[in-house]
Amino acid sequence: MPSTIVEPNRIIEDAVVRKDASAKDKLLDKAFALAFGGLVYAQIWEDPVVDMEGLAIQPDSRVMCIASGSCNALSYLTANPAQVTAVDLNKAHVALGQLKITAIKHLPNYERFQRFFGHADHKENKAVYKEMIAPHLDMASRKYWEKRDIRGRKRISYFTKGLYRKGLLGNFIGLAHLFAKLYKVDLNHLLEAETIEEQRAVFETELAPVFDKKFVRWLTDQPASLFGLGIPPAQFDELAGDERMAEVLRRRLEKLACDFEIKDNYFAWQAFGRGYDRKEEAPLPPYLQRQNWDIMRERVDRLDVVRSNMVEWIGDREEASMDRFVLLDAQDWMNDTQLDELWSRITRASRPGARVLFRTAAEPSLLPGRLNDAILSKWRYLDETSADLTARDRSSIYGGVHLYELA
C-alpha cells in the first residue's frame with residue numbers, strides 16, 4: 001500500500017500546516033503546531049461513558065484509541081475488553097499515560113492513587129513519585145517527568161501544585177477564569193448551584209452576557225485565541241461556520257453549564273473549578289472512581305500506551321485483527337487523501353462488526369462527500385445512536401459524536 005505518512009517528529013506540523021494557505025495562515029498553523037508539542041491535556045475532554053455505550057465493547061474486543069490524557073483509555077478497561085492500545089505522537093501524553101499505569105500497579109491503595117491523580121496537588125506527591133513510582137517507570141517517561149520545564153521546575157512538581165492547571169488547556173482555562181474576574185463573574189456560583197434550574201439562571205445572568213462584550217467577540221474571532229482548546233486554524237473555520245465564534249462558544253458553554261447536573265459532571269468541575277470536586281461523592285472519570293480501583297489493578301496490564309503515528313500503527317496491524325477505534329477529533333485536521341488512507345487501513349484491520357467512534361468540531365460527520373465512496377460504502381453510519389451520544393456527551397465542546405459500524 002503506498003504511504004503518504006510522514007515522520008513522527010513532523011506529523012503535527014504536516015497535518016496542520018495547509019499547503020495551499022497564504023504565508024500568514026501558514027505561520028499561524030506553524031505556531032499552533034509548536035504549541036501542541038508539549039503537554040496539552042492533563043485530562044482528556046471526551047466523555048468515556050458515552051464512548052463505551054457507543055462502542056459496545058465485548059470481552060474479546062481489541063480497542064485502539066488516541067491517548068491524550070489516557071483517562072479514557074484506562075476507563076475503557078471497566079468495559080472488560082481483551083486489549084486497549086492508546087497511541088499518541090505527543091511524548092508528554094505518552095509519559096502521562098505511562099505514569100498512570102505505573103501508579104496503578106505500584107501504589108498501595110486507592111487513597112494514595114486518588115490523592116496523586118484526583119487531587120493532584122499534595123506536597124507529599126513528590127516523595128510518593130520518587131519512592132513508589134519512579135523506580136518502576138520506563139526511562140523515557142521518567143526522563144520527561146524529571147526534566148525541568150521552561151520555568152526551571154521539574155515537571156513532576158505539577159502533581160504538587162495542581163496538575164489540572166497545567167498544560168495548554170489548563171492555561172487556557174486559567175486565562176478564561178481571569179477574564180471572568182475582570183467582568184466580575186464568580187464561577188463558584190455555578191458550582192454551588194443545586195439544581196439545573198439554578199445552573200441555568202447563573203449562566204444566563206452571569207456567563208452569557210460576557211459573550212456580548214466587544215473585546216470578547218473580537219478576541220474569539222482570532223484563530224490563535226482557541227489554540228488552548230486544541231483547535232488548529234483549519235478546524236477553527238469548521239467550528240465557526242457562518243457565525244461569530246463567540247456565538248458558537250456561548251452555545252457550547254451553555255450545554256456544559258446547563259444540560260447536566262453539576263454534581264454528575266466532572267467536565268464542568270474542570271472548566272469552572274480547575275480541578276475535580278473533592279467531596280466523597282464527587283463526579284470522576286471511571287478510572288478514578290473508588291468502585292473501579294480493584295478492576296483497574298486487575299486489568300491494567302491489558303493497556304499499552306505507545307508513541308506512534310496513529311495511521312502507521314493501524315497499518316501495521318494484521319488483517320481483521322481489531323474491533324474498536326476511537327479517533328477523537330483527529331480527522332478534523334486531515335485532508336481527503338489522508339482520510340482515504342486512514343480508513344483504508346482501518347477497514348483492512350477491522351474484524352466483522354468493528355466500530356469507529358470520533359468527534360467533529362462541526363455538527364455533521366465529515367466523511368460523506370470526502371471519503372472515497374468505495375471505502376465509505378463498507379461502513380454503516382449509526383445516525384440515531386450518534387445523535388443520542390452527542391446529546392449526552394458531558395464534555396459538551398464538540399459539535400458531533402459519530403459512530404460507524406463495519407457493514
# chains A, B, ... in the order shown; residues from 1 in each chain; ligands from 1
call {"tool": "closest_atom_pairs", "arguments": {"of": "region 185-217 of chain A", "to": "region 274-279 of chain A", "cutoff": "12 Å", "atoms": "only C-alpha atoms", "output": "tab-separated table"}}
result
residue	atom	partner	partner_atom	distance
A:Leu187	CA	A:Arg274	CA	10.5
A:Asn188	CA	A:Arg274	CA	10.8
A:Leu191	CA	A:Asp277	CA	9.2
A:Glu192	CA	A:Asp277	CA	11.1
call {"tool": "write_last_selection", "arguments": {"atoms": "all heavy atoms", "output": "PDB file, in the first residue's frame"}}
result
ATOM      1  N   LEU A 187     -17.460  32.246  39.141  1.00  0.00           N
ATOM      2  CA  LEU A 187     -17.775  30.916  38.613  1.00  0.00           C
ATOM      3  C   LEU A 187     -18.157  29.932  39.704  1.00  0.00           C
ATOM      4  O   LEU A 187     -18.757  28.890  39.428  1.00  0.00           O
ATOM      5  CB  LEU A 187     -16.589  30.384  37.808  1.00  0.00           C
ATOM      6  CG  LEU A 187     -16.256  31.190  36.545  1.00  0.00           C
ATOM      7  CD1 LEU A 187     -14.996  30.657  35.888  1.00  0.00           C
ATOM      8  CD2 LEU A 187     -17.423  31.151  35.563  1.00  0.00           C
ATOM      9  N   ASN A 188     -17.832  30.244  40.955  1.00  0.00           N
ATOM     10  CA  ASN A 188     -18.245  29.377  42.062  1.00  0.00           C
ATOM     11  C   ASN A 188     -19.760  29.317  42.195  1.00  0.00           C
ATOM     12  O   ASN A 188     -20.305  28.339  42.711  1.00  0.00           O
ATOM     13  CB  ASN A 188     -17.633  29.861  43.376  1.00  0.00           C
ATOM     14  CG  ASN A 188     -16.156  29.536  43.471  1.00  0.00           C
ATOM     15  OD1 ASN A 188     -15.724  28.473  43.020  1.00  0.00           O
ATOM     16  ND2 ASN A 188     -15.376  30.439  44.028  1.00  0.00           N
ATOM     17  N   LEU A 191     -20.863  26.269  40.421  1.00  0.00           N
ATOM     18  CA  LEU A 191     -20.518  25.033  41.124  1.00  0.00           C
ATOM     19  C   LEU A 191     -21.369  24.833  42.370  1.00  0.00           C
ATOM     20  O   LEU A 191     -21.545  23.696  42.824  1.00  0.00           O
ATOM     21  CB  LEU A 191     -19.031  25.052  41.508  1.00  0.00           C
ATOM     22  CG  LEU A 191     -18.039  25.130  40.344  1.00  0.00           C
ATOM     23  CD1 LEU A 191     -16.617  25.241  40.868  1.00  0.00           C
ATOM     24  CD2 LEU A 191     -18.182  23.915  39.432  1.00  0.00           C
ATOM     25  N   GLU A 192     -21.891  25.915  42.917  1.00  0.00           N
ATOM     26  CA  GLU A 192     -22.711  25.830  44.125  1.00  0.00           C
ATOM     27  C   GLU A 192     -24.191  25.606  43.818  1.00  0.00           C
ATOM     28  O   GLU A 192     -24.987  25.359  44.737  1.00  0.00           O
ATOM     29  CB  GLU A 192     -22.556  27.123  44.932  1.00  0.00           C
ATOM     30  CG  GLU A 192     -21.144  27.310  45.506  1.00  0.00           C
ATOM     31  CD  GLU A 192     -20.880  28.723  45.982  1.00  0.00           C
ATOM     32  OE1 GLU A 192     -21.787  29.589  45.805  1.00  0.00           O
ATOM     33  OE2 GLU A 192     -19.791  28.983  46.506  1.00  0.00           O
TER      34      GLU A 192
END
call {"tool": "select_by_dssp", "arguments": {"residues": "region 29-232 of chain A", "states": "strand (DSSP E or B)", "output": "number ranges by chain"}}
result
A: 62-66, 83-88, 148, 154
call {"tool": "residues_around", "arguments": {"residues": "Gln289 (chain A)", "least_positions_apart": "6", "cutoff": "9 Å", "atoms": "only C-alpha atoms", "output": "JSON, numbers by chain"}}
result
{"A": [110, 114, 283]}
call {"tool": "write_last_selection", "arguments": {"atoms": "all heavy atoms", "output": "CSV table (one decimal), in the first residue's frame"}}
result
chain,number,residue,atom,x,y,z
A,110,TYR,N,-6.2,2.8,46.9
A,110,TYR,CA,-6.9,3.8,46.2
A,110,TYR,C,-6.7,5.2,46.7
A,110,TYR,O,-6.6,6.1,45.9
A,110,TYR,CB,-8.4,3.4,46.2
A,110,TYR,CG,-9.3,4.6,45.6
A,110,TYR,CD1,-9.4,4.7,44.3
A,110,TYR,CD2,-9.9,5.5,46.5
A,110,TYR,CE1,-10.1,5.8,43.7
A,110,TYR,CE2,-10.7,6.5,46.0
A,110,TYR,CZ,-10.8,6.6,44.6
A,110,TYR,OH,-11.6,7.7,44.1
A,114,GLN,N,-5.8,8.3,44.4
A,114,GLN,CA,-6.7,9.4,44.3
A,114,GLN,C,-6.0,10.7,44.6
A,114,GLN,O,-6.2,11.8,44.0
A,114,GLN,CB,-7.9,9.2,45.2
A,114,GLN,CG,-8.8,10.4,45.5
A,114,GLN,CD,-9.5,11.0,44.3
A,114,GLN,OE1,-9.1,10.7,43.1
A,114,GLN,NE2,-10.4,11.8,44.5
A,283,PRO,N,-18.1,13.7,41.2
A,283,PRO,CA,-18.1,13.0,39.9
A,283,PRO,C,-16.6,12.9,39.4
A,283,PRO,O,-15.8,13.8,39.6
A,283,PRO,CB,-18.8,13.9,39.0
A,283,PRO,CG,-18.7,15.3,39.6
A,283,PRO,CD,-18.7,15.0,41.1
call {"tool": "residues_around", "arguments": {"residues": "Thr205 (chain A)", "least_positions_apart": "4", "cutoff": "12 Å", "atoms": "only C-alpha atoms", "output": "list in words"}}
result
Lys184, Val185, Asp186, Leu187, His189, Leu190, Glu198, Gln199, Arg200, Ala201, Pro209, Val210, Phe211 and Glu254 of chain A
call {"tool": "write_last_selection", "arguments": {"atoms": "N, CA and C atoms", "output": "short mmCIF file (atom, residue, chain, number, x, y, z; two decimals), in the first residue's frame"}}
result
data_model
loop_
_atom_site.label_atom_id
_atom_site.label_comp_id
_atom_site.auth_asym_id
_atom_site.auth_seq_id
_atom_site.Cartn_x
_atom_site.Cartn_y
_atom_site.Cartn_z
N LYS A 184 -16.25 40.52 36.53
CA LYS A 184 -16.95 40.35 37.80
C LYS A 184 -17.93 39.17 37.79
N VAL A 185 -17.49 38.07 37.20
CA VAL A 185 -18.27 36.83 37.18
C VAL A 185 -17.65 35.86 38.18
N ASP A 186 -18.46 35.37 39.11
CA ASP A 186 -17.99 34.41 40.10
C ASP A 186 -18.41 33.01 39.66
N LEU A 187 -17.46 32.25 39.14
CA LEU A 187 -17.77 30.92 38.61
C LEU A 187 -18.16 29.93 39.70
N HIS A 189 -20.45 30.36 41.73
CA HIS A 189 -21.91 30.35 41.80
C HIS A 189 -22.48 29.18 41.02
N LEU A 190 -21.84 28.84 39.91
CA LEU A 190 -22.31 27.72 39.11
C LEU A 190 -22.04 26.40 39.82
N GLU A 198 -31.15 26.30 38.71
CA GLU A 198 -30.23 27.26 39.29
C GLU A 198 -29.00 27.44 38.40
N GLN A 199 -28.53 26.35 37.82
CA GLN A 199 -27.39 26.42 36.92
C GLN A 199 -27.71 27.33 35.73
N ARG A 200 -28.90 27.16 35.16
CA ARG A 200 -29.29 27.97 34.01
C ARG A 200 -29.43 29.44 34.40
N ALA A 201 -29.95 29.68 35.56
CA ALA A 201 -30.09 31.07 36.00
C ALA A 201 -28.73 31.75 36.12
N PRO A 209 -23.84 37.00 29.24
CA PRO A 209 -23.58 38.38 28.82
C PRO A 209 -22.12 38.66 28.46
N VAL A 210 -21.20 37.87 28.99
CA VAL A 210 -19.78 38.09 28.68
C VAL A 210 -19.53 37.95 27.18
N PHE A 211 -20.27 37.05 26.52
CA PHE A 211 -20.05 36.81 25.10
C PHE A 211 -20.58 37.93 24.22
N GLU A 254 -23.06 26.83 27.22
CA GLU A 254 -24.41 26.68 27.76
C GLU A 254 -24.75 25.21 27.97
#
call {"tool": "residues_around", "arguments": {"residues": "Asp294 (chain A)", "least_positions_apart": "5", "cutoff": "10 Å", "atoms": "only C-alpha atoms", "output": "PyMOL selection string"}}
result
chain A and resi 104+109-110+299-300
call {"tool": "write_last_selection", "arguments": {"atoms": "all heavy atoms", "output": "compact mmCIF listing (two decimals), in the first residue's frame"}}
result
# COMPACT_ATOMS: atom_id res chain seq x y z
N ILE A 104 -0.91 2.77 39.11
CA ILE A 104 -1.94 1.77 39.42
C ILE A 104 -1.29 0.46 39.86
O ILE A 104 -1.74 -0.21 40.79
CB ILE A 104 -2.85 1.55 38.20
CG1 ILE A 104 -3.74 2.79 37.99
CG2 ILE A 104 -3.72 0.31 38.38
CD1 ILE A 104 -4.51 2.78 36.68
N ASN A 109 -2.72 1.69 47.54
CA ASN A 109 -4.17 1.70 47.74
C ASN A 109 -4.82 2.82 46.93
O ASN A 109 -4.15 3.68 46.35
CB ASN A 109 -4.53 1.85 49.23
CG ASN A 109 -3.81 3.03 49.87
OD1 ASN A 109 -3.80 4.14 49.34
ND2 ASN A 109 -3.18 2.79 51.02
N TYR A 110 -6.15 2.78 46.92
CA TYR A 110 -6.91 3.78 46.16
C TYR A 110 -6.68 5.18 46.68
O TYR A 110 -6.56 6.13 45.90
CB TYR A 110 -8.41 3.45 46.22
CG TYR A 110 -9.26 4.56 45.65
CD1 TYR A 110 -9.38 4.72 44.26
CD2 TYR A 110 -9.93 5.45 46.49
CE1 TYR A 110 -10.14 5.75 43.74
CE2 TYR A 110 -10.70 6.48 45.96
CZ TYR A 110 -10.80 6.64 44.58
OH TYR A 110 -11.55 7.67 44.06
N ARG A 299 -6.87 -5.27 35.59
CA ARG A 299 -6.86 -5.23 34.12
C ARG A 299 -5.84 -4.28 33.51
O ARG A 299 -5.75 -4.20 32.28
CB ARG A 299 -8.26 -4.85 33.62
CG ARG A 299 -9.35 -5.81 34.06
CD ARG A 299 -10.74 -5.32 33.64
NE ARG A 299 -11.79 -6.19 34.17
CZ ARG A 299 -13.09 -5.91 34.13
NH1 ARG A 299 -13.49 -4.77 33.57
NH2 ARG A 299 -13.98 -6.74 34.63
N VAL A 300 -5.07 -3.55 34.31
CA VAL A 300 -4.20 -2.52 33.76
C VAL A 300 -3.16 -3.08 32.80
O VAL A 300 -2.70 -2.39 31.89
CB VAL A 300 -3.54 -1.71 34.91
CG1 VAL A 300 -2.49 -2.56 35.63
CG2 VAL A 300 -2.94 -0.42 34.36
call {"tool": "residues_around", "arguments": {"residues": "Ala82 (chain A)", "least_positions_apart": "4", "cutoff": "10 Å", "atoms": "only C-alpha atoms", "output": "tab-separated table (two decimals) with N, CA and C atoms, in the first residue's frame"}}
result
chain	number	residue	atom	x	y	z
A	57	ILE	N	-18.26	-2.41	23.80
A	57	ILE	CA	-17.05	-3.23	23.94
A	57	ILE	C	-17.42	-4.62	24.47
A	58	GLN	N	-16.84	-5.65	23.84
A	58	GLN	CA	-17.07	-7.04	24.22
A	58	GLN	C	-15.81	-7.64	24.85
A	59	PRO	N	-15.93	-8.77	25.55
A	59	PRO	CA	-14.76	-9.37	26.21
A	59	PRO	C	-13.62	-9.71	25.25
A	60	ASP	N	-13.92	-9.90	23.96
A	60	ASP	CA	-12.85	-10.21	23.02
A	60	ASP	C	-12.42	-9.00	22.20
A	61	SER	N	-12.93	-7.82	22.56
A	61	SER	CA	-12.64	-6.61	21.76
A	61	SER	C	-11.20	-6.15	21.93
A	62	ARG	N	-10.60	-5.81	20.80
A	62	ARG	CA	-9.28	-5.19	20.79
A	62	ARG	C	-9.49	-3.74	20.35
A	63	VAL	N	-9.15	-2.81	21.24
A	63	VAL	CA	-9.50	-1.40	21.09
A	63	VAL	C	-8.26	-0.57	20.82
A	77	LEU	N	-11.13	0.09	30.29
A	77	LEU	CA	-10.88	-1.20	30.93
A	77	LEU	C	-12.06	-1.66	31.79
A	299	ARG	N	-6.87	-5.27	35.59
A	299	ARG	CA	-6.86	-5.23	34.12
A	299	ARG	C	-5.84	-4.28	33.51
A	302	ARG	N	-3.69	-4.93	30.47
A	302	ARG	CA	-4.29	-5.03	29.14
A	302	ARG	C	-4.12	-3.73	28.35
A	303	LEU	N	-3.60	-2.69	28.98
A	303	LEU	CA	-3.44	-1.38	28.32
A	303	LEU	C	-1.99	-1.12	27.96
call {"tool": "select_by_dssp", "arguments": {"residues": "region 177-222 of chain A", "states": "helix (DSSP H, G or I)", "output": "VMD selection string"}}
result
chain A and resid 177 to 182 188 to 191 196 to 212 214 to 220
call {"tool": "write_last_selection", "arguments": {"atoms": "N, CA, C and O atoms", "output": "compact mmCIF listing (two decimals), in the first residue's frame"}}
result
# COMPACT_ATOMS: atom_id res chain seq x y z
N HIS A 177 -10.67 32.09 33.38
CA HIS A 177 -11.03 32.48 34.74
C HIS A 177 -10.61 33.92 35.03
O HIS A 177 -11.31 34.65 35.73
N LEU A 178 -9.46 34.31 34.48
CA LEU A 178 -9.01 35.69 34.66
C LEU A 178 -9.98 36.67 34.02
O LEU A 178 -10.35 37.69 34.61
N PHE A 179 -10.44 36.34 32.81
CA PHE A 179 -11.42 37.19 32.14
C PHE A 179 -12.72 37.24 32.93
O PHE A 179 -13.37 38.29 33.00
N ALA A 180 -13.12 36.10 33.50
CA ALA A 180 -14.34 36.09 34.31
C ALA A 180 -14.22 37.06 35.48
O ALA A 180 -15.17 37.80 35.78
N LYS A 181 -13.07 37.08 36.13
CA LYS A 181 -12.87 38.01 37.25
C LYS A 181 -12.91 39.45 36.78
O LYS A 181 -13.48 40.32 37.45
N LEU A 182 -12.32 39.71 35.62
CA LEU A 182 -12.32 41.08 35.09
C LEU A 182 -13.73 41.57 34.82
O LEU A 182 -14.03 42.76 34.98
N ASN A 188 -17.83 30.24 40.95
CA ASN A 188 -18.25 29.38 42.06
C ASN A 188 -19.76 29.32 42.20
O ASN A 188 -20.30 28.34 42.71
N HIS A 189 -20.45 30.36 41.73
CA HIS A 189 -21.91 30.35 41.80
C HIS A 189 -22.48 29.18 41.02
O HIS A 189 -23.48 28.57 41.41
N LEU A 190 -21.84 28.84 39.91
CA LEU A 190 -22.31 27.72 39.11
C LEU A 190 -22.04 26.40 39.82
O LEU A 190 -22.89 25.50 39.86
N LEU A 191 -20.86 26.27 40.42
CA LEU A 191 -20.52 25.03 41.12
C LEU A 191 -21.37 24.83 42.37
O LEU A 191 -21.55 23.70 42.82
N ILE A 196 -30.56 22.08 38.10
CA ILE A 196 -30.29 22.54 36.74
C ILE A 196 -30.91 23.92 36.52
O ILE A 196 -30.35 24.76 35.81
N GLU A 197 -32.05 24.16 37.16
CA GLU A 197 -32.69 25.48 37.03
C GLU A 197 -31.79 26.57 37.59
O GLU A 197 -31.66 27.66 36.99
N GLU A 198 -31.15 26.30 38.71
CA GLU A 198 -30.23 27.26 39.29
C GLU A 198 -29.00 27.44 38.40
O GLU A 198 -28.49 28.55 38.24
N GLN A 199 -28.53 26.35 37.82
CA GLN A 199 -27.39 26.42 36.92
C GLN A 199 -27.71 27.33 35.73
O GLN A 199 -26.90 28.17 35.34
N ARG A 200 -28.90 27.16 35.16
CA ARG A 200 -29.29 27.97 34.01
C ARG A 200 -29.43 29.44 34.40
O ARG A 200 -29.04 30.34 33.62
N ALA A 201 -29.95 29.68 35.56
CA ALA A 201 -30.09 31.07 36.00
C ALA A 201 -28.73 31.75 36.12
O ALA A 201 -28.56 32.90 35.71
N VAL A 202 -27.77 31.03 36.67
CA VAL A 202 -26.41 31.59 36.79
C VAL A 202 -25.82 31.82 35.41
O VAL A 202 -25.21 32.87 35.14
N PHE A 203 -25.99 30.86 34.52
CA PHE A 203 -25.43 31.02 33.18
C PHE A 203 -26.02 32.24 32.47
O PHE A 203 -25.30 33.06 31.90
N GLU A 204 -27.35 32.34 32.49
CA GLU A 204 -28.00 33.41 31.74
C GLU A 204 -27.74 34.80 32.30
O GLU A 204 -27.66 35.77 31.55
N THR A 205 -27.61 34.89 33.63
CA THR A 205 -27.42 36.21 34.23
C THR A 205 -25.96 36.63 34.35
O THR A 205 -25.65 37.82 34.32
N GLU A 206 -25.04 35.65 34.46
CA GLU A 206 -23.64 35.99 34.70
C GLU A 206 -22.71 35.63 33.54
O GLU A 206 -21.85 36.44 33.16
N LEU A 207 -22.85 34.43 32.98
CA LEU A 207 -21.88 34.00 31.97
C LEU A 207 -22.25 34.44 30.56
O LEU A 207 -21.39 34.96 29.83
N ALA A 208 -23.50 34.26 30.17
CA ALA A 208 -23.89 34.55 28.79
C ALA A 208 -23.60 36.00 28.38
O ALA A 208 -23.13 36.23 27.25
N PRO A 209 -23.84 37.00 29.24
CA PRO A 209 -23.58 38.38 28.82
C PRO A 209 -22.12 38.66 28.46
O PRO A 209 -21.85 39.60 27.70
N VAL A 210 -21.20 37.87 28.99
CA VAL A 210 -19.78 38.09 28.68
C VAL A 210 -19.53 37.95 27.18
O VAL A 210 -18.68 38.65 26.61
N PHE A 211 -20.27 37.05 26.52
CA PHE A 211 -20.05 36.81 25.10
C PHE A 211 -20.58 37.93 24.22
O PHE A 211 -20.37 37.93 23.00
N ASP A 212 -21.26 38.91 24.82
CA ASP A 212 -21.71 40.09 24.08
C ASP A 212 -20.71 41.24 24.19
O ASP A 212 -20.88 42.26 23.50
N LYS A 214 -17.66 43.52 23.45
CA LYS A 214 -16.96 43.75 22.17
C LYS A 214 -15.58 43.11 22.15
O LYS A 214 -15.18 42.52 21.15
N PHE A 215 -14.85 43.24 23.26
CA PHE A 215 -13.49 42.70 23.27
C PHE A 215 -13.52 41.18 23.18
O PHE A 215 -12.70 40.58 22.46
N VAL A 216 -14.45 40.55 23.87
CA VAL A 216 -14.55 39.08 23.84
C VAL A 216 -14.92 38.62 22.43
O VAL A 216 -14.37 37.63 21.92
N ARG A 217 -15.83 39.33 21.79
CA ARG A 217 -16.22 38.95 20.43
C ARG A 217 -15.06 39.11 19.46
O ARG A 217 -14.85 38.28 18.58
N TRP A 218 -14.28 40.18 19.63
CA TRP A 218 -13.11 40.37 18.76
C TRP A 218 -12.07 39.30 19.04
O TRP A 218 -11.52 38.70 18.11
N LEU A 219 -11.80 39.06 20.32
CA LEU A 219 -10.75 38.12 20.69
C LEU A 219 -11.06 36.72 20.19
O LEU A 219 -10.19 36.03 19.62
N THR A 220 -12.30 36.28 20.36
CA THR A 220 -12.64 34.92 19.96
C THR A 220 -12.74 34.76 18.45
O THR A 220 -12.82 33.62 17.96
call {"tool": "atom_distance", "arguments": {"atom1": "CA of Arg307 (chain A)", "atom2": "CA of Pro81 (chain A)"}}
result
21.2 Å
call {"tool": "closest_residue", "arguments": {"among": "A:Leu249, A:Gly118, A:Ala42, A:Leu175", "to": "Glu280 (chain A)", "atoms": "only C-alpha atoms"}}
result
A:Gly118
call {"tool": "residues_around", "arguments": {"residues": "Asn171 (chain A)", "least_positions_apart": "4", "cutoff": "12 Å", "atoms": "only C-alpha atoms", "output": "PyMOL selection string"}}
result
chain A and resi 35+39-42+162-167+175-178+225-230+271+274
call {"tool": "closest_residue", "arguments": {"among": "A:Gly353, A:Gly273, A:Pro48, A:Pro232", "to": "Ile173 (chain A)", "atoms": "only C-alpha atoms"}}
result
A:Gly273
call {"tool": "closest_residue", "arguments": {"among": "A:Arg370, A:Arg324, A:Arg244, A:Lys263", "to": "Leu339 (chain A)", "atoms": "only C-alpha atoms"}}
result
A:Arg370
call {"tool": "atom_distance", "arguments": {"atom1": "CA of Arg348 (chain A)", "atom2": "CA of Leu327 (chain A)"}}
result
16.3 Å
call {"tool": "atom_distance", "arguments": {"atom1": "CA of Lys378 (chain A)", "atom2": "CA of Asp88 (chain A)"}}
result
26.8 Å
call {"tool": "closest_residue", "arguments": {"among": "A:Lys30, A:Arg345, A:Lys161, A:His119", "to": "Leu288 (chain A)", "atoms": "only C-alpha atoms"}}
result
A:His119
